>>> print(open('my_file_29.pdb').read())   # PDB, C-alpha atoms
ATOM      1  CA  MET A 523       0.000   0.000   0.000
ATOM      2  CA  ILE A 524       1.187   3.522  -0.855
ATOM      3  CA  LEU A 525       0.206   6.193   1.661
ATOM      4  CA  THR A 526      -0.433   9.795   0.616
ATOM      5  CA  VAL A 527      -0.775  12.598   3.150
ATOM      6  CA  THR A 528      -2.775  15.738   2.357
ATOM      7  CA  LEU A 529      -3.019  17.850   5.486
ATOM      8  CA  ASN A 530      -4.922  20.573   3.607
ATOM      9  CA  THR A 531      -7.404  18.619   1.476
ATOM     10  CA  ALA A 532      -9.735  20.555  -0.807
ATOM     11  CA  LEU A 533     -12.846  20.320  -2.882
ATOM     12  CA  ASP A 534     -11.675  21.500  -6.303
ATOM     13  CA  ILE A 535     -14.281  23.479  -8.249
ATOM     14  CA  THR A 536     -13.628  24.539 -11.842
ATOM     15  CA  TYR A 537     -15.747  27.108 -13.678
ATOM     16  CA  ARG A 538     -15.385  27.496 -17.436
ATOM     17  CA  VAL A 539     -16.458  30.795 -18.999
ATOM     18  CA  PRO A 540     -16.356  31.900 -22.651
ATOM     19  CA  SER A 541     -14.209  34.933 -21.819
ATOM     20  CA  LEU A 542     -13.074  36.079 -18.355
ATOM     21  CA  ARG A 543     -13.215  39.842 -17.761
ATOM     22  CA  ALA A 544     -12.396  41.457 -14.417
ATOM     23  CA  GLY A 545     -15.340  43.281 -12.866
ATOM     24  CA  ALA A 546     -17.890  41.703 -15.238
ATOM     25  CA  SER A 547     -20.740  39.236 -14.730
ATOM     26  CA  HIS A 548     -20.210  35.851 -16.423
ATOM     27  CA  ARG A 549     -22.359  32.919 -17.521
ATOM     28  CA  VAL A 550     -20.621  29.684 -16.596
ATOM     29  CA  SER A 551     -20.562  27.157 -19.439
ATOM     30  CA  GLU A 552     -19.374  24.181 -17.358
ATOM     31  CA  VAL A 553     -18.806  23.300 -13.679
ATOM     32  CA  LEU A 554     -16.490  20.492 -12.577
ATOM     33  CA  GLU A 555     -16.099  19.293  -8.971
ATOM     34  CA  ARG A 556     -13.606  16.744  -7.655
ATOM     35  CA  PRO A 557     -11.603  15.848  -4.520
ATOM     36  CA  GLY A 558      -8.333  17.743  -4.396
ATOM     37  CA  GLY A 559      -5.181  18.739  -2.599
ATOM     38  CA  LYS A 560      -1.787  17.572  -3.876
ATOM     39  CA  GLY A 561      -1.704  14.246  -2.047
ATOM     40  CA  VAL A 562      -5.282  13.423  -3.042
ATOM     41  CA  ASN A 563      -4.381  14.108  -6.687
ATOM     42  CA  VAL A 564      -1.337  11.827  -6.348
ATOM     43  CA  ALA A 565      -3.542   9.116  -4.835
ATOM     44  CA  ARG A 566      -6.102   9.286  -7.647
ATOM     45  CA  VAL A 567      -3.349   8.884 -10.264
ATOM     46  CA  LEU A 568      -1.739   5.983  -8.386
ATOM     47  CA  ALA A 569      -5.114   4.248  -8.065
ATOM     48  CA  ALA A 570      -5.762   4.748 -11.781
ATOM     49  CA  LEU A 571      -2.394   3.087 -12.471
ATOM     50  CA  GLY A 572      -3.486   0.034 -10.477
ATOM     51  CA  HIS A 573      -1.844   0.681  -7.097
ATOM     52  CA  GLU A 574      -3.528   0.192  -3.736
ATOM     53  CA  VAL A 575      -3.385   3.604  -2.068
ATOM     54  CA  THR A 576      -4.544   5.093   1.222
ATOM     55  CA  VAL A 577      -5.360   8.769   1.675
ATOM     56  CA  THR A 578      -4.957  10.486   5.026
ATOM     57  CA  GLY A 579      -4.984  14.067   6.235
ATOM     58  CA  PHE A 580      -7.864  16.200   7.505
ATOM     59  CA  SER A 581     -11.493  16.526   6.434
ATOM     60  CA  GLY A 582     -14.408  18.413   7.928
ATOM     61  CA  GLY A 583     -17.694  20.222   7.355
ATOM     62  CA  PRO A 584     -20.021  19.981   4.331
ATOM     63  CA  THR A 585     -17.165  20.234   1.819
ATOM     64  CA  GLY A 586     -15.339  17.487   3.681
ATOM     65  CA  ARG A 587     -18.375  15.205   3.386
ATOM     66  CA  VAL A 588     -18.562  15.810  -0.373
ATOM     67  CA  LEU A 589     -14.831  15.154  -0.643
ATOM     68  CA  ARG A 590     -15.142  11.807   1.135
ATOM     69  CA  ASP A 591     -18.167  10.805  -0.917
ATOM     70  CA  ARG A 592     -16.161  11.415  -4.091
ATOM     71  CA  LEU A 593     -13.161   9.479  -2.770
ATOM     72  CA  ALA A 594     -15.439   6.508  -2.033
ATOM     73  CA  GLU A 595     -16.108   6.296  -5.787
ATOM     74  CA  VAL A 596     -12.417   5.698  -6.623
ATOM     75  CA  PRO A 597     -11.423   2.008  -6.955
ATOM     76  CA  ARG A 598      -8.320   0.826  -5.019
ATOM     77  CA  LEU A 599      -8.396   3.965  -2.836
ATOM     78  CA  THR A 600      -8.923   3.776   0.946
ATOM     79  CA  ASP A 601     -10.097   6.827   2.883
ATOM     80  CA  ALA A 602      -8.276   7.261   6.212
ATOM     81  CA  LEU A 603      -8.906  10.994   6.623
ATOM     82  CA  VAL A 604      -9.069  12.370  10.166
ATOM     83  CA  PRO A 605     -12.182  14.448  10.986
ATOM     84  CA  VAL A 606     -11.817  18.050  12.165
ATOM     85  CA  SER A 607     -14.383  20.537  13.448
ATOM     86  CA  GLY A 608     -13.566  23.109  10.759
ATOM     87  CA  ALA A 609     -14.633  22.886   7.124
ATOM     88  CA  THR A 610     -12.418  21.518   4.364
ATOM     89  CA  ARG A 611     -11.406  24.342   2.039
ATOM     90  CA  ARG A 612     -12.504  24.909  -1.531
ATOM     91  CA  THR A 613     -10.197  25.764  -4.398
ATOM     92  CA  VAL A 614     -11.829  27.579  -7.300
ATOM     93  CA  THR A 615     -10.338  27.628 -10.796
ATOM     94  CA  LEU A 616     -11.687  29.974 -13.472
ATOM     95  CA  VAL A 617     -10.894  28.877 -17.021
ATOM     96  CA  ASP A 618     -11.118  31.365 -19.879
ATOM     97  CA  ASP A 619     -12.143  29.300 -22.939
ATOM     98  CA  ARG A 620     -11.057  32.058 -25.309
ATOM     99  CA  THR A 621      -7.440  32.282 -24.137
ATOM    100  CA  GLY A 622      -7.011  29.096 -22.091
ATOM    101  CA  ALA A 623      -5.797  31.193 -19.142
ATOM    102  CA  THR A 624      -6.623  29.947 -15.641
ATOM    103  CA  THR A 625      -7.196  31.927 -12.447
ATOM    104  CA  HIS A 626      -6.923  30.127  -9.094
ATOM    105  CA  LEU A 627      -8.593  31.070  -5.793
ATOM    106  CA  ASN A 628      -7.350  28.989  -2.844
ATOM    107  CA  GLU A 629      -8.990  29.128   0.584
ATOM    108  CA  PRO A 630      -6.640  28.727   3.590
ATOM    109  CA  GLY A 631      -8.240  25.603   5.088
ATOM    110  CA  PRO A 632      -9.703  24.778   8.518
ATOM    111  CA  ASP A 633      -8.108  25.745  11.829
ATOM    112  CA  VAL A 634      -6.681  22.485  13.167
ATOM    113  CA  THR A 635      -6.610  22.148  16.958
ATOM    114  CA  HIS A 636      -3.777  20.607  18.960
ATOM    115  CA  ALA A 637      -5.984  17.611  19.765
ATOM    116  CA  GLU A 638      -6.805  17.091  16.079
ATOM    117  CA  TRP A 639      -3.126  17.295  15.124
ATOM    118  CA  SER A 640      -2.288  14.733  17.825
ATOM    119  CA  ALA A 641      -5.058  12.425  16.577
ATOM    120  CA  PHE A 642      -3.680  12.629  13.051
ATOM    121  CA  GLN A 643      -0.169  11.697  14.199
ATOM    122  CA  GLU A 644      -1.533   8.537  15.846
ATOM    123  CA  VAL A 645      -3.369   7.548  12.656
ATOM    124  CA  TYR A 646      -0.266   8.297  10.571
ATOM    125  CA  GLU A 647       1.977   6.093  12.688
ATOM    126  CA  ASP A 648      -0.535   3.226  12.493
ATOM    127  CA  LEU A 649      -0.790   3.524   8.685
ATOM    128  CA  LEU A 650       2.997   3.498   8.252
ATOM    129  CA  ALA A 651       3.064  -0.070   9.578
ATOM    130  CA  SER A 652       1.534  -1.334   6.305
ATOM    131  CA  ALA A 653       2.890   1.298   3.884
ATOM    132  CA  SER A 654       5.501   0.584   1.222
ATOM    133  CA  ALA A 655       6.053   4.324   0.629
ATOM    134  CA  VAL A 656       4.589   7.638   1.748
ATOM    135  CA  ALA A 657       4.098  10.935  -0.103
ATOM    136  CA  LEU A 658       3.723  14.092   2.011
ATOM    137  CA  CYS A 659       2.101  16.711  -0.186
ATOM    138  CA  GLY A 660       0.774  20.245  -0.233
ATOM    139  CA  SER A 661       0.284  23.195   2.063
ATOM    140  CA  LEU A 662      -0.292  23.216   5.821
ATOM    141  CA  PRO A 663      -3.695  24.304   7.162
ATOM    142  CA  PRO A 664      -3.837  26.902   9.953
ATOM    143  CA  GLY A 665      -2.958  25.460  13.358
ATOM    144  CA  VAL A 666      -0.564  22.778  12.088
ATOM    145  CA  PRO A 667       3.050  23.507  13.175
ATOM    146  CA  VAL A 668       5.334  24.808  10.429
ATOM    147  CA  GLY A 669       7.734  21.979  11.260
ATOM    148  CA  ALA A 670       5.041  19.331  10.767
ATOM    149  CA  TYR A 671       6.576  17.802   7.653
ATOM    150  CA  ALA A 672      10.013  17.463   9.236
ATOM    151  CA  HIS A 673       8.377  15.481  12.050
ATOM    152  CA  LEU A 674       6.374  13.311   9.637
ATOM    153  CA  VAL A 675       9.471  12.638   7.512
ATOM    154  CA  ARG A 676      11.453  11.528  10.571
ATOM    155  CA  THR A 677       8.574   9.302  11.700
ATOM    156  CA  ALA A 678       8.479   7.584   8.297
ATOM    157  CA  ARG A 679      12.236   7.127   8.243
ATOM    158  CA  ALA A 680      12.146   5.635  11.745
ATOM    159  CA  ALA A 681       9.588   3.135  10.414
ATOM    160  CA  GLN A 682      11.910   2.456   7.435
ATOM    161  CA  VAL A 683       9.309   3.666   4.932
ATOM    162  CA  PRO A 684      10.651   5.657   1.933
ATOM    163  CA  VAL A 685       9.229   9.173   2.038
ATOM    164  CA  LEU A 686       8.680  11.843  -0.627
ATOM    165  CA  LEU A 687       8.097  15.502   0.264
ATOM    166  CA  ASP A 688       6.255  17.890  -2.061
ATOM    167  CA  THR A 689       5.493  21.261  -0.486
ATOM    168  CA  SER A 690       6.677  24.867  -0.624
ATOM    169  CA  GLY A 691       7.681  27.920   1.400
ATOM    170  CA  ALA A 692       8.412  27.601   5.105
ATOM    171  CA  ALA A 693       6.995  24.059   5.191
ATOM    172  CA  LEU A 694       9.585  23.037   2.586
ATOM    173  CA  ARG A 695      12.463  24.829   4.327
ATOM    174  CA  ARG A 696      11.665  23.106   7.617
ATOM    175  CA  GLY A 697      10.632  19.798   6.069
ATOM    176  CA  VAL A 698      13.845  19.188   4.123
ATOM    177  CA  ALA A 699      15.737  19.132   7.426
ATOM    178  CA  GLY A 700      13.933  15.878   8.232
ATOM    179  CA  ARG A 701      15.944  14.281   5.389
ATOM    180  CA  PRO A 702      13.246  12.985   3.016
ATOM    181  CA  ASP A 703      14.346  10.293   0.575
ATOM    182  CA  PHE A 704      12.857  12.285  -2.303
ATOM    183  CA  LEU A 705      12.138  15.986  -2.736
ATOM    184  CA  LYS A 706       9.862  17.227  -5.536
ATOM    185  CA  PRO A 707      10.077  21.002  -5.863
ATOM    186  CA  ASN A 708       9.301  22.850  -9.061
ATOM    187  CA  ALA A 709      11.848  25.376 -10.341
ATOM    188  CA  GLU A 710      10.320  28.277  -8.396
ATOM    189  CA  GLU A 711      10.129  26.318  -5.127
ATOM    190  CA  LEU A 712      13.713  25.075  -5.528
ATOM    191  CA  ALA A 713      14.951  28.630  -6.081
ATOM    192  CA  GLU A 714      12.988  29.866  -3.056
ATOM    193  CA  LEU A 715      14.500  27.100  -0.911
ATOM    194  CA  THR A 716      18.111  27.636  -1.986
ATOM    195  CA  GLY A 717      18.295  31.194  -3.317
ATOM    196  CA  SER A 718      19.697  29.910  -6.638
ATOM    197  CA  HIS A 719      17.978  29.861 -10.040
ATOM    198  CA  GLU A 720      20.697  27.623 -11.514
ATOM    199  CA  PRO A 721      19.170  24.105 -11.338
ATOM    200  CA  LEU A 722      22.319  22.046 -10.705
ATOM    201  CA  ARG A 723      23.652  24.394  -8.030
ATOM    202  CA  ALA A 724      20.208  24.613  -6.387
ATOM    203  CA  THR A 725      19.843  20.817  -6.400
ATOM    204  CA  GLN A 726      23.227  20.362  -4.768
ATOM    205  CA  ASP A 727      22.280  22.935  -2.121
ATOM    206  CA  ALA A 728      18.959  21.157  -1.467
ATOM    207  CA  ARG A 729      20.829  17.883  -0.924
ATOM    208  CA  ARG A 730      23.194  19.584   1.532
ATOM    209  CA  ARG A 731      20.119  20.775   3.407
ATOM    210  CA  GLY A 732      18.856  17.189   3.756
ATOM    211  CA  ALA A 733      17.149  16.073   0.541
ATOM    212  CA  GLY A 734      17.940  12.566  -0.652
TER     213      GLY A 734
END
>>> encode(input="my_file_29.pdb", output="structure tokens")
Amino acid sequence: MILTVTLNTALDITYRVPSLRAGASHRVSEVLERPGGKGVNVARVLAALGHEVTVTGFSGGPTGRVLRDRLAEVPRLTDALVPVSGATRRTVTLVDDRTGATTHLNEPGPDVTHAEWSAFQEVYEDLLASASAVALCGSLPPGVPVGAYAHLVRTARAAQVPVLLDTSGAALRRGVAGRPDFLKPNAEELAELTGSHEPLRATQDARRRGAG
């Protein structure tokens, strides 16, 4: 089983409009809705490729219920999300059919309490016992410590489970210190982490910081 962690799950909503104009009223030509967040997206692709995958992270409120209902429709995917009192965020994408340009609106996510964070860590440790690999993906919701990924990386390594980290900003800077086996930044995130826009130099710097 491959485990994916999405601490800040989302309900992804996409609106398509013939032509997007700031300050104008628009008729939406199509609406798409699906479970989202980086780790959830990874899990859906892995399941489509025939892998058994388990999704964990946080889910709550009406959007969280819709998210879990949609996940239940995915073959080979197991839902191990931890409930929270706050509501799962929505991410809204506006697609301009004329130009193909996309505009993204990302909510911050629910406020996670200390007790909810502790409950997640217990679930995570239990799931690692049957995991062949773990992917830690995406942003951190409010209330989760900025060093959360470093802790989760170290926990996976202690369980001898290969771990991949895919995040950005402060979560990436702190998380790489946990020494993940794999790091998946894009060019912008790698430059932000290392201060270098030269890929080879930046990669070498990221490895010195702890990336495998």
>>> residues_around(input="my_file_29.pdb", residues="segment 546-562 of chain A", least_positions_apart="6", cutoff="9 Å", atoms="all atoms listed in the file", output="PyMOL selection string")
chain A and resi 526-540+577-579+588-590+592-593+612-613+657-661+688-689
>>> resolve_selection(input="my_file_29.pdb", expression="the PyMOL selection byres ((chain A and resi 699) around 10)", output="NGL selection string")
:A and (669 or 671-673 or 675-676 or 694-698 or 700-702 or 728-733)
>>> resolve_selection(input="my_file_29.pdb", expression="the PyMOL selection byres ((chain A and resi 713-715) around 10)", output="JSON, numbers by chain")
{"A": [690, 691, 692, 694, 695, 696, 698, 707, 708, 709, 710, 711, 712, 716, 717, 718, 719, 720, 721, 723, 724, 725, 727, 728, 731]}
>>> resolve_selection(input="my_file_29.pdb", expression="the PyMOL selection byres ((chain A and resi 584) around 12)", output="VMD selection string")
chain A and resid 532 to 533 581 to 583 585 to 591 605 to 612
>>> atom_distance(input="my_file_29.pdb", atom1="atom CA of Val668 of chain A", atom2="atom CA of Gln682 of chain A")
23.5 Å
>>> residues_around(input="my_file_29.pdb", residues="Pro667 of chain A", least_positions_apart="3", cutoff="9 Å", atoms="all atoms listed in the file", output="PyMOL selection string")
chain A and resi 639+662+664+670-671+693
>>> axis_aligned_box(input="my_file_29.pdb", around="segment 690-695 of chain A", padding_each_side="4 Å", output="AutoDock Vina command-line options")
--center_x 9.6 --center_y 25.5 --center_z 2.3 --size_x 13.8 --size_y 12.9 --size_z 13.8
>>> atom_distance(input="my_file_29.pdb", atom1="atom CA of Ala680 of chain A", atom2="atom CA of His636 of chain A")
23.0 Å
>>> closest_residue(input="my_file_29.pdb", among="A:Ala681, A:Leu568, A:Val575, A:Leu674", to="Phe642 of chain A", atoms="only C-alpha atoms")
A:Leu674
>>> atom_distance(input="my_file_29.pdb", atom1="atom CA of Leu616 of chain A", atom2="atom CA of Val567 of chain A")
22.9 Å
